[in-house]
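Structure file query30.cif (mmCIF, C-alpha atoms) follows.
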```
data_structure
#
loop_
_atom_site.label_atom_id
_atom_site.label_comp_id
_atom_site.auth_asym_id
_atom_site.auth_seq_id
_atom_site.Cartn_x
_atom_site.Cartn_y
_atom_site.Cartn_z
CA MET R 4 15.02 -2.64 6.81
CA ALA R 5 17.91 -3.06 9.21
CA ASP R 6 19.22 -0.30 11.48
CA HIS R 7 21.59 1.10 8.83
CA SER R 8 18.55 2.45 6.95
CA ALA R 9 17.34 5.94 7.71
CA LEU R 10 15.00 5.67 10.69
CA PRO R 11 12.08 7.68 9.24
CA LEU R 12 12.13 5.30 6.25
CA VAL R 13 12.00 2.27 8.56
CA VAL R 14 9.06 3.83 10.41
CA LEU R 15 7.25 4.58 7.14
CA ALA R 16 7.88 1.05 5.81
CA GLU R 17 6.44 -0.37 9.04
CA ARG R 18 3.32 1.78 8.63
CA PHE R 19 2.82 0.48 5.09
CA ALA R 20 3.45 -3.09 6.27
CA SER R 21 0.70 -2.71 8.88
CA LEU R 22 -1.85 -2.36 6.06
CA PRO R 23 -3.60 -5.55 4.91
CA GLY R 24 -2.01 -7.34 1.95
CA ILE R 25 1.27 -5.39 2.06
CA GLY R 26 4.32 -7.41 3.10
CA MET R 27 7.59 -5.98 4.43
CA LYS R 28 9.29 -6.12 1.01
CA SER R 29 6.46 -4.21 -0.70
CA ALA R 30 6.33 -1.80 2.23
CA GLN R 31 10.03 -0.98 1.77
CA ARG R 32 9.49 -0.40 -1.95
CA LEU R 33 6.58 1.93 -1.17
CA ALA R 34 8.65 3.83 1.41
CA TYR R 35 11.44 4.33 -1.15
CA TYR R 36 8.84 5.35 -3.72
CA VAL R 37 7.57 8.05 -1.36
CA MET R 38 11.12 9.45 -1.31
CA SER R 39 10.91 9.91 -5.08
CA MET R 40 7.58 11.79 -4.90
CA ASP R 41 7.66 15.58 -4.73
CA GLU R 42 7.04 17.13 -1.33
CA GLU R 43 3.60 18.47 -2.25
CA SER R 44 2.32 15.05 -3.31
CA VAL R 45 3.54 13.51 -0.06
CA GLU R 46 1.76 16.23 1.93
CA ASP R 47 -1.41 15.67 -0.11
CA PHE R 48 -1.22 11.96 0.64
CA ALA R 49 -0.79 12.62 4.37
CA GLN R 50 -3.68 15.06 4.29
CA ALA R 51 -5.89 12.57 2.41
CA LEU R 52 -5.31 10.04 5.21
CA ILE R 53 -6.27 12.55 7.88
CA ASP R 54 -9.24 13.96 5.93
CA ALA R 55 -10.70 10.52 5.29
CA LYS R 56 -10.40 9.54 8.94
CA LYS R 57 -11.64 12.89 10.31
CA ASN R 58 -14.44 13.73 7.89
CA VAL R 59 -15.90 10.34 7.06
CA HIS R 60 -18.27 8.69 9.51
CA SER R 61 -21.41 6.54 9.47
CA CYS R 62 -24.60 7.85 7.84
CA LYS R 63 -27.08 8.33 10.68
CA CYS R 64 -29.62 6.27 8.74
CA CYS R 65 -27.97 3.47 6.75
CA GLN R 66 -24.57 3.44 8.55
CA ASN R 67 -22.68 3.60 5.25
CA LEU R 68 -19.55 5.76 5.29
CA THR R 69 -20.15 9.35 4.25
CA GLU R 70 -18.82 12.84 4.90
CA ARG R 71 -22.38 14.18 5.37
CA GLU R 72 -24.87 13.57 8.17
CA LEU R 73 -27.11 11.65 5.77
CA CYS R 74 -25.43 9.82 2.88
CA PRO R 75 -26.28 10.69 -0.77
CA ILE R 76 -28.33 7.49 -1.16
CA CYS R 77 -30.46 8.04 1.98
CA SER R 78 -31.00 11.70 1.05
CA ASP R 79 -31.99 10.87 -2.56
CA ASP R 80 -35.78 11.29 -2.90
CA GLU R 81 -35.84 8.97 -5.91
CA ARG R 82 -34.63 5.96 -3.92
CA ASP R 83 -37.35 3.60 -2.68
CA LYS R 84 -37.19 3.77 1.13
CA SER R 85 -39.58 0.80 1.51
CA ILE R 86 -36.86 -1.68 0.53
CA ILE R 87 -33.61 -2.07 2.45
CA CYS R 88 -30.66 -4.10 1.23
CA VAL R 89 -28.60 -5.26 4.22
CA VAL R 90 -24.86 -5.66 3.52
CA GLU R 91 -21.74 -6.39 5.50
CA SER R 92 -19.60 -3.42 4.48
CA PRO R 93 -19.48 -0.16 2.50
CA LYS R 94 -17.60 -2.02 -0.28
CA ASP R 95 -20.75 -4.06 -0.88
CA VAL R 96 -22.84 -0.90 -1.38
CA THR R 97 -20.33 0.15 -4.07
CA ALA R 98 -20.71 -3.29 -5.70
CA PHE R 99 -24.53 -3.02 -5.78
CA GLU R 100 -24.45 0.54 -7.08
CA ARG R 101 -22.31 -0.65 -9.98
CA THR R 102 -25.22 -2.86 -11.15
CA ARG R 103 -27.31 0.34 -11.67
CA GLU R 104 -30.37 -1.88 -11.17
CA TYR R 105 -31.16 -1.39 -7.50
CA GLY R 106 -33.41 1.53 -6.56
CA GLY R 107 -33.88 0.87 -2.85
CA VAL R 108 -31.71 1.88 0.07
CA TYR R 109 -29.08 0.06 2.12
CA HIS R 110 -28.14 -0.84 5.64
CA VAL R 111 -24.48 -1.50 6.39
CA LEU R 112 -23.83 -3.89 9.30
CA HIS R 113 -20.06 -3.21 9.50
CA GLY R 114 -19.28 -6.87 10.02
CA LEU R 115 -20.81 -10.32 10.22
CA LEU R 116 -21.69 -12.40 13.26
CA SER R 117 -18.76 -14.51 14.36
CA PRO R 118 -19.08 -15.53 18.01
CA MET R 119 -15.67 -17.29 17.87
CA ASP R 120 -14.04 -13.92 17.11
CA GLY R 121 -16.18 -12.11 19.66
CA ILE R 122 -18.42 -10.51 17.01
CA THR R 123 -21.79 -10.76 18.74
CA PRO R 124 -25.02 -9.03 17.54
CA ASP R 125 -24.37 -5.94 19.68
CA ARG R 126 -21.13 -5.31 17.74
CA LEU R 127 -23.02 -4.94 14.46
CA ARG R 128 -25.42 -2.14 13.45
CA ILE R 129 -28.47 -4.37 13.98
CA ARG R 130 -30.09 -2.08 16.59
CA GLU R 131 -30.05 0.75 14.02
CA LEU R 132 -31.71 -1.53 11.43
CA LEU R 133 -34.48 -2.47 13.87
CA GLY R 134 -34.92 1.25 14.62
CA ARG R 135 -35.42 2.04 10.94
CA ILE R 136 -38.03 -0.68 10.60
CA SER R 137 -39.86 0.36 13.80
CA ALA R 138 -40.09 3.87 12.34
CA GLY R 139 -42.36 2.36 9.66
CA GLY R 140 -42.60 2.43 5.88
CA VAL R 141 -40.32 -0.57 5.26
CA GLU R 142 -41.86 -3.45 3.32
CA GLU R 143 -38.93 -5.64 2.37
CA VAL R 144 -35.47 -6.31 3.71
CA ILE R 145 -33.04 -8.07 1.37
CA MET R 146 -30.32 -9.95 3.22
CA ALA R 147 -27.31 -9.40 0.94
CA THR R 148 -24.50 -10.75 3.09
CA ASN R 149 -21.84 -12.96 1.50
CA PRO R 150 -22.82 -16.63 0.90
CA THR R 151 -20.35 -17.81 3.56
CA VAL R 152 -20.91 -19.44 6.96
CA GLU R 153 -20.83 -16.09 8.77
CA GLY R 154 -22.85 -14.36 6.05
CA ASP R 155 -25.59 -17.01 6.15
CA ALA R 156 -25.65 -17.09 9.95
CA THR R 157 -25.98 -13.30 10.10
CA ALA R 158 -28.78 -13.32 7.50
CA MET R 159 -30.63 -16.06 9.42
CA TYR R 160 -30.22 -14.25 12.73
CA ILE R 161 -31.52 -10.93 11.40
CA ALA R 162 -34.35 -12.61 9.45
CA GLY R 163 -35.42 -14.19 12.77
CA LEU R 164 -35.66 -10.75 14.35
CA LEU R 165 -37.47 -9.11 11.43
CA LYS R 166 -40.11 -11.65 10.52
CA PRO R 167 -42.13 -11.11 13.75
CA MET R 168 -42.24 -7.42 12.77
CA GLY R 169 -44.31 -8.31 9.68
CA ILE R 170 -41.56 -7.53 7.17
CA THR R 171 -40.83 -9.55 4.04
CA VAL R 172 -37.27 -10.80 4.40
CA THR R 173 -35.52 -12.03 1.27
CA ARG R 174 -32.06 -13.43 0.60
CA LEU R 175 -29.91 -12.87 -2.47
CA ALA R 176 -30.31 -15.74 -4.96
CA PHE R 177 -27.39 -18.11 -4.96
CA GLY R 178 -26.29 -17.08 -8.38
CA LEU R 179 -23.23 -16.07 -6.44
CA PRO R 180 -20.62 -18.81 -6.28
CA VAL R 181 -20.96 -20.31 -2.79
CA GLY R 182 -17.97 -19.42 -0.64
CA GLY R 183 -17.28 -16.45 -2.92
CA ILE R 184 -16.75 -12.83 -2.01
CA LEU R 185 -19.54 -10.46 -2.98
CA GLU R 186 -17.39 -7.50 -3.92
CA TYR R 187 -15.63 -9.49 -6.67
CA ALA R 188 -18.86 -10.58 -8.40
CA ASP R 189 -19.39 -9.13 -11.85
CA GLU R 190 -22.35 -6.81 -12.45
CA ILE R 191 -24.51 -9.37 -14.25
CA THR R 192 -24.08 -12.12 -11.66
CA LEU R 193 -24.88 -9.65 -8.92
CA PHE R 194 -27.93 -8.37 -10.80
CA LYS R 195 -29.22 -11.94 -11.34
CA ALA R 196 -28.71 -12.69 -7.67
CA LEU R 197 -30.72 -9.60 -6.84
CA GLU R 198 -33.47 -10.40 -9.38
CA ASN R 199 -33.94 -14.01 -8.21
CA ARG R 200 -33.97 -13.21 -4.51
CA ASN R 201 -36.08 -15.61 -2.40
CA THR R 202 -38.34 -15.14 0.60
CA MET R 203 -36.65 -16.41 3.74
CA MET Q 28 -15.32 4.23 -6.34
CA ALA Q 29 -18.32 5.93 -7.89
CA ASP Q 30 -19.72 9.27 -6.75
CA HIS Q 31 -21.98 7.70 -4.12
CA SER Q 32 -18.87 6.97 -2.02
CA ALA Q 33 -17.71 9.55 0.47
CA LEU Q 34 -15.42 11.95 -1.40
CA PRO Q 35 -12.49 11.88 1.06
CA LEU Q 36 -12.44 8.09 0.67
CA VAL Q 37 -12.31 8.39 -3.11
CA VAL Q 38 -9.42 10.84 -2.81
CA LEU Q 39 -7.57 8.55 -0.40
CA ALA Q 40 -8.12 5.52 -2.65
CA GLU Q 41 -6.72 7.49 -5.58
CA ARG Q 42 -3.62 8.36 -3.53
CA PHE Q 43 -3.05 4.69 -2.72
CA ALA Q 44 -3.64 3.74 -6.36
CA SER Q 45 -0.92 6.18 -7.42
CA LEU Q 46 1.66 4.04 -5.59
CA PRO Q 47 3.46 1.38 -7.64
CA GLY Q 48 1.93 -2.11 -7.55
CA ILE Q 49 -1.38 -1.01 -6.01
CA GLY Q 50 -4.42 -1.28 -8.30
CA MET Q 51 -7.73 0.56 -7.82
CA LYS Q 52 -9.39 -2.42 -6.07
CA SER Q 53 -6.57 -2.78 -3.54
CA ALA Q 54 -6.50 0.99 -3.12
CA GLN Q 55 -10.20 0.98 -2.18
CA ARG Q 56 -9.63 -1.80 0.34
CA LEU Q 57 -6.75 0.16 1.87
CA ALA Q 58 -8.88 3.31 2.07
CA TYR Q 59 -11.64 1.38 3.87
CA TYR Q 60 -9.02 -0.18 6.12
CA VAL Q 61 -7.82 3.28 7.12
CA MET Q 62 -11.38 4.01 8.26
CA SER Q 63 -11.13 1.09 10.69
CA MET Q 64 -7.84 2.33 12.19
CA ASP Q 65 -7.99 4.53 15.27
CA GLU Q 66 -7.43 8.23 14.73
CA GLU Q 67 -4.01 8.24 16.39
CA SER Q 68 -2.66 5.51 14.09
CA VAL Q 69 -3.88 7.40 11.03
CA GLU Q 70 -2.16 10.57 12.24
CA ASP Q 71 1.02 8.60 12.91
CA PHE Q 72 0.88 7.23 9.38
CA ALA Q 73 0.42 10.70 7.91
CA GLN Q 74 3.28 12.00 10.04
CA ALA Q 75 5.52 9.10 8.98
CA LEU Q 76 4.97 10.07 5.34
CA ILE Q 77 5.89 13.69 6.00
CA ASP Q 78 8.83 12.84 8.28
CA ALA Q 79 10.34 10.46 5.77
CA LYS Q 80 10.07 13.00 2.97
CA LYS Q 81 11.26 15.97 5.05
CA ASN Q 82 14.02 14.40 7.13
CA VAL Q 83 15.55 11.87 4.77
CA HIS Q 84 18.03 13.05 2.17
CA SER Q 85 21.23 11.85 0.50
CA CYS Q 86 24.36 11.18 2.61
CA LYS Q 87 26.89 13.84 1.59
CA CYS Q 88 29.45 11.09 1.00
CA CYS Q 89 27.86 7.90 -0.35
CA GLN Q 90 24.49 9.40 -1.50
CA ASN Q 91 22.52 6.71 0.34
CA LEU Q 92 19.32 7.91 2.01
CA THR Q 93 19.78 8.98 5.62
CA GLU Q 94 18.36 11.42 8.15
CA ARG Q 95 21.89 12.52 9.16
CA GLU Q 96 24.45 14.56 7.25
CA LEU Q 97 26.72 11.50 7.03
CA CYS Q 98 25.05 8.08 6.99
CA PRO Q 99 25.80 5.47 9.70
CA ILE Q 100 27.94 3.42 7.30
CA CYS Q 101 30.09 6.35 6.16
CA SER Q 102 30.50 7.55 9.76
CA ASP Q 103 31.44 4.07 11.04
CA ASP Q 104 35.22 4.02 11.75
CA GLU Q 105 35.32 0.24 11.41
CA ARG Q 106 34.22 0.27 7.77
CA ASP Q 107 37.03 0.06 5.23
CA LYS Q 108 36.96 3.36 3.31
CA SER Q 109 39.43 2.10 0.69
CA ILE Q 110 36.80 -0.07 -0.96
CA ILE Q 111 33.60 1.33 -2.46
CA CYS Q 112 30.69 -0.80 -3.63
CA VAL Q 113 28.72 1.09 -6.30
CA VAL Q 114 25.00 0.28 -6.41
CA GLU Q 115 21.94 1.52 -8.22
CA SER Q 116 19.69 2.28 -5.26
CA PRO Q 117 19.40 2.36 -1.44
CA LYS Q 118 17.54 -0.98 -1.57
CA ASP Q 119 20.75 -2.60 -2.85
CA VAL Q 120 22.70 -1.30 0.16
CA THR Q 121 20.13 -3.01 2.39
CA ALA Q 122 20.58 -6.24 0.40
CA PHE Q 123 24.39 -6.15 0.81
CA GLU Q 124 24.19 -5.32 4.50
CA ARG Q 125 22.03 -8.43 4.99
CA THR Q 126 24.98 -10.61 3.84
CA ARG Q 127 26.94 -9.31 6.90
CA GLU Q 128 30.09 -10.06 4.89
CA TYR Q 129 30.92 -6.71 3.37
CA GLY Q 130 33.09 -4.35 5.42
CA GLY Q 131 33.67 -1.59 2.88
CA VAL Q 132 31.52 1.44 2.07
CA TYR Q 133 28.99 2.18 -0.69
CA HIS Q 134 28.15 4.67 -3.37
CA VAL Q 135 24.52 4.93 -4.48
CA LEU Q 136 24.01 6.09 -8.08
CA HIS Q 137 20.23 6.61 -7.75
CA GLY Q 138 19.59 5.07 -11.14
CA LEU Q 139 21.25 3.39 -14.10
CA LEU Q 140 22.26 4.83 -17.44
CA SER Q 141 19.42 4.60 -19.92
CA PRO Q 142 19.84 7.13 -22.75
CA MET Q 143 16.50 6.04 -24.26
CA ASP Q 144 14.73 7.21 -21.08
CA GLY Q 145 16.84 10.35 -20.86
CA ILE Q 146 18.99 8.98 -18.00
CA THR Q 147 22.39 10.33 -19.02
CA PRO Q 148 25.53 10.26 -16.79
CA ASP Q 149 24.84 13.72 -15.37
CA ARG Q 150 21.52 12.42 -13.92
CA LEU Q 151 23.35 9.86 -11.77
CA ARG Q 152 25.63 10.52 -8.78
CA ILE Q 153 28.77 9.78 -10.82
CA ARG Q 154 30.36 13.19 -10.23
CA GLU Q 155 30.17 12.57 -6.46
CA LEU Q 156 31.86 9.18 -6.92
CA LEU Q 157 34.70 10.73 -8.92
CA GLY Q 158 35.05 13.36 -6.19
CA ARG Q 159 35.47 10.69 -3.52
CA ILE Q 160 38.16 8.94 -5.54
CA SER Q 161 40.00 12.19 -6.31
CA ALA Q 162 40.09 12.86 -2.56
CA GLY Q 163 42.35 9.77 -2.29
CA GLY Q 164 42.52 6.63 -0.18
CA VAL Q 165 40.33 4.49 -2.44
CA GLU Q 166 41.93 1.31 -3.77
CA GLU Q 167 39.05 -0.67 -5.20
CA VAL Q 168 35.64 0.11 -6.64
CA ILE Q 169 33.21 -2.81 -6.96
CA MET Q 170 30.59 -2.28 -9.65
CA ALA Q 171 27.52 -3.89 -8.08
CA THR Q 172 24.80 -2.84 -10.48
CA ASN Q 173 22.20 -5.38 -11.59
CA PRO Q 174 23.27 -7.84 -14.31
CA THR Q 175 20.92 -6.26 -16.85
CA VAL Q 176 21.60 -4.27 -20.02
CA GLU Q 177 21.43 -0.95 -18.16
CA GLY Q 178 23.36 -2.30 -15.17
CA ASP Q 179 26.17 -3.63 -17.33
CA ALA Q 180 26.32 -0.47 -19.44
CA THR Q 181 26.51 1.69 -16.32
CA ALA Q 182 29.26 -0.50 -14.85
CA MET Q 183 31.24 -0.35 -18.10
CA TYR Q 184 30.84 3.40 -18.36
CA ILE Q 185 32.00 4.09 -14.81
CA ALA Q 186 34.86 1.55 -15.09
CA GLY Q 187 36.05 3.47 -18.14
CA LEU Q 188 36.19 6.68 -16.10
CA LEU Q 189 37.90 5.10 -13.08
CA LYS Q 190 40.62 2.95 -14.61
CA PRO Q 191 42.68 5.96 -15.83
CA MET Q 192 42.64 7.13 -12.18
CA GLY Q 193 44.68 4.05 -11.19
CA ILE Q 194 41.85 2.36 -9.28
CA THR Q 195 41.14 -1.38 -9.34
CA VAL Q 196 37.62 -1.73 -10.71
CA THR Q 197 35.83 -5.05 -10.14
CA ARG Q 198 32.42 -6.38 -11.11
CA LEU Q 199 30.18 -8.65 -9.06
CA ALA Q 200 30.63 -12.28 -10.13
CA PHE Q 201 27.79 -13.60 -12.23
CA GLY Q 202 26.58 -15.91 -9.56
CA LEU Q 203 23.54 -13.70 -9.89
CA PRO Q 204 21.02 -15.03 -12.38
CA VAL Q 205 21.46 -12.88 -15.50
CA GLY Q 206 18.47 -10.59 -16.03
CA GLY Q 207 17.60 -10.94 -12.35
CA ILE Q 208 17.01 -8.25 -9.78
CA LEU Q 209 19.70 -7.79 -7.16
CA GLU Q 210 17.43 -7.01 -4.24
CA TYR Q 211 15.70 -10.41 -4.49
CA ALA Q 212 18.93 -12.43 -4.36
CA ASP Q 213 19.37 -14.58 -1.26
CA GLU Q 214 22.25 -13.81 1.10
CA ILE Q 215 24.46 -16.71 -0.01
CA THR Q 216 24.16 -15.99 -3.72
CA LEU Q 217 24.93 -12.37 -3.09
CA PHE Q 218 27.89 -13.24 -0.88
CA LYS Q 219 29.29 -15.62 -3.53
CA ALA Q 220 28.88 -12.96 -6.18
CA LEU Q 221 30.81 -10.57 -3.94
CA GLU Q 222 33.53 -13.14 -3.15
CA ASN Q 223 34.14 -14.09 -6.80
CA ARG Q 224 34.21 -10.56 -8.12
CA ASN Q 225 36.43 -10.05 -11.16
CA THR Q 226 38.74 -7.27 -12.27
CA MET Q 227 37.15 -5.30 -15.09
#
```
Could you express the structure from this file as structure tokens?
Amino acid sequence: MADHSALPLVVLAERFASLPGIGMKSAQRLAYYVMSMDEESVEDFAQALIDAKKNVHSCKCCQNLTERELCPICSDDERDKSIICVVESPKDVTAFERTREYGGVYHVLHGLLSPMDGITPDRLRIRELLGRISAGGVEEVIMATNPTVEGDATAMYIAGLLKPMGITVTRLAFGLPVGGILEYADEITLFKALENRNTM
Amino acid sequence: MADHSALPLVVLAERFASLPGIGMKSAQRLAYYVMSMDEESVEDFAQALIDAKKNVHSCKCCQNLTERELCPICSDDERDKSIICVVESPKDVTAFERTREYGGVYHVLHGLLSPMDGITPDRLRIRELLGRISAGGVEEVIMATNPTVEGDATAMYIAGLLKPMGITVTRLAFGLPVGGILEYADEITLFKALENRNTM
């Protein structure tokens, strides 16, 4: 938007454009759309942004995003705490939960190793994973990172740390299309990948 | 997102999904992205939403969106007030301003006639346009609605009201691809369409 547009609309469009996957043209459309919403809906939207940021944080156990101290999965007595599925991001937990076939718990790394981008092991939640395993009771860790270069490297790195601790470390079966993105896999593919997991 | 996701994130994703062109999958990604933003940026975003809605309203003259009483174009002494370009929406004003070739002023209808959808003349800012012309000093009105069924019908309807008032009413030349959307036209096409406008 050029300077003849109302300034608050330009600012709003720029905020939308700063989100991933939203270009300037879409951002302008969204800003104009907000003008057509009623005031209450706009305030609810603003509040939803603030609430999510303020009230959601990492679960003290699995590091998944939650508004409680311990997330619903970690605090569920019916989940098998002896098996931990290690994923890159909270989106991946959602993808696994959709299969309705996994009864263990998770550990969210919040990223993958990528030394070129400055993502070294200390930037991920690996220390917290080692802490959980040191606390005892864990028998198997499933490395469920994406089948990409970074995903494989991260799985290999963590497997190297865990094996000396006497833990079975498995990797998702490559039923997933190599180079694919885990969160887009359909339920059956993801379930097969889980079922055919291999010892690393 | 299923119920194992943090509730404020589900709410935020639903807000994003209520925007046009954003599906549930993209909305979830955006909600997670918000979690990765720093708190100040999230608050700025929320404030931008509220500011845009609260401080932006219609210009009392041309009905374009502005945070002032009179928009920058209407209050610019160098713009030719004797020629009014009538458009459907504020986005179209932005498109014309990008041509840098139009020196007149605008009138934003905030919609097009569409009796099937209940958009009758009283729902558009036609009364305000007639008021401007009655006030005198206007020589030409350019009907610059999209070359679609609704755009043409709206142009015809307004031309019918204006011609008895002794005003020259012109229509954008059909350099625009018929059935196309005005805001996506490139600058040159739009300028040609403006240059070759015809008396209605």
Ground truth for the PyMOL selection byres ((chain Q and resi 121) around 12), written as an NGL selection string: (:R and (4-9 or 13 or 28 or 31-32 or 35)) or (:Q and (91-92 or 100 or 114-120 or 122-127 or 129 or 133 or 135 or 209-212 or 214 or 217))
Expected selection from the PyMOL selection byres ((chain R and resi 175) around 7), given as JSON, numbers by chain: {"R": [145, 146, 147, 173, 174, 176, 177, 196, 197, 200, 201]}
Output check: residues returned by the PyMOL selection byres ((chain Q and resi 154) around 12), as an NGL selection string: :Q and (88-90 or 134-136 or 148-153 or 155-161 or 185 or 188-189)
Calculate, to one decimal in Å, the centre and edge lengths of the box along x, y and z of the file that holds all listed atoms of range 135-146 of chain R with 8 Å of margin on each side, and present them as lines of an AutoDock Vina configuration file.
```
center_x = -36.5
center_y = -3.0
center_z = 7.6
size_x = 28.3
size_y = 29.8
size_z = 28.4
```
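With CA of Ser102 in chain Q on one side and CA of Gly163 in chain Q on the other, the separation reads 17.0 Å.
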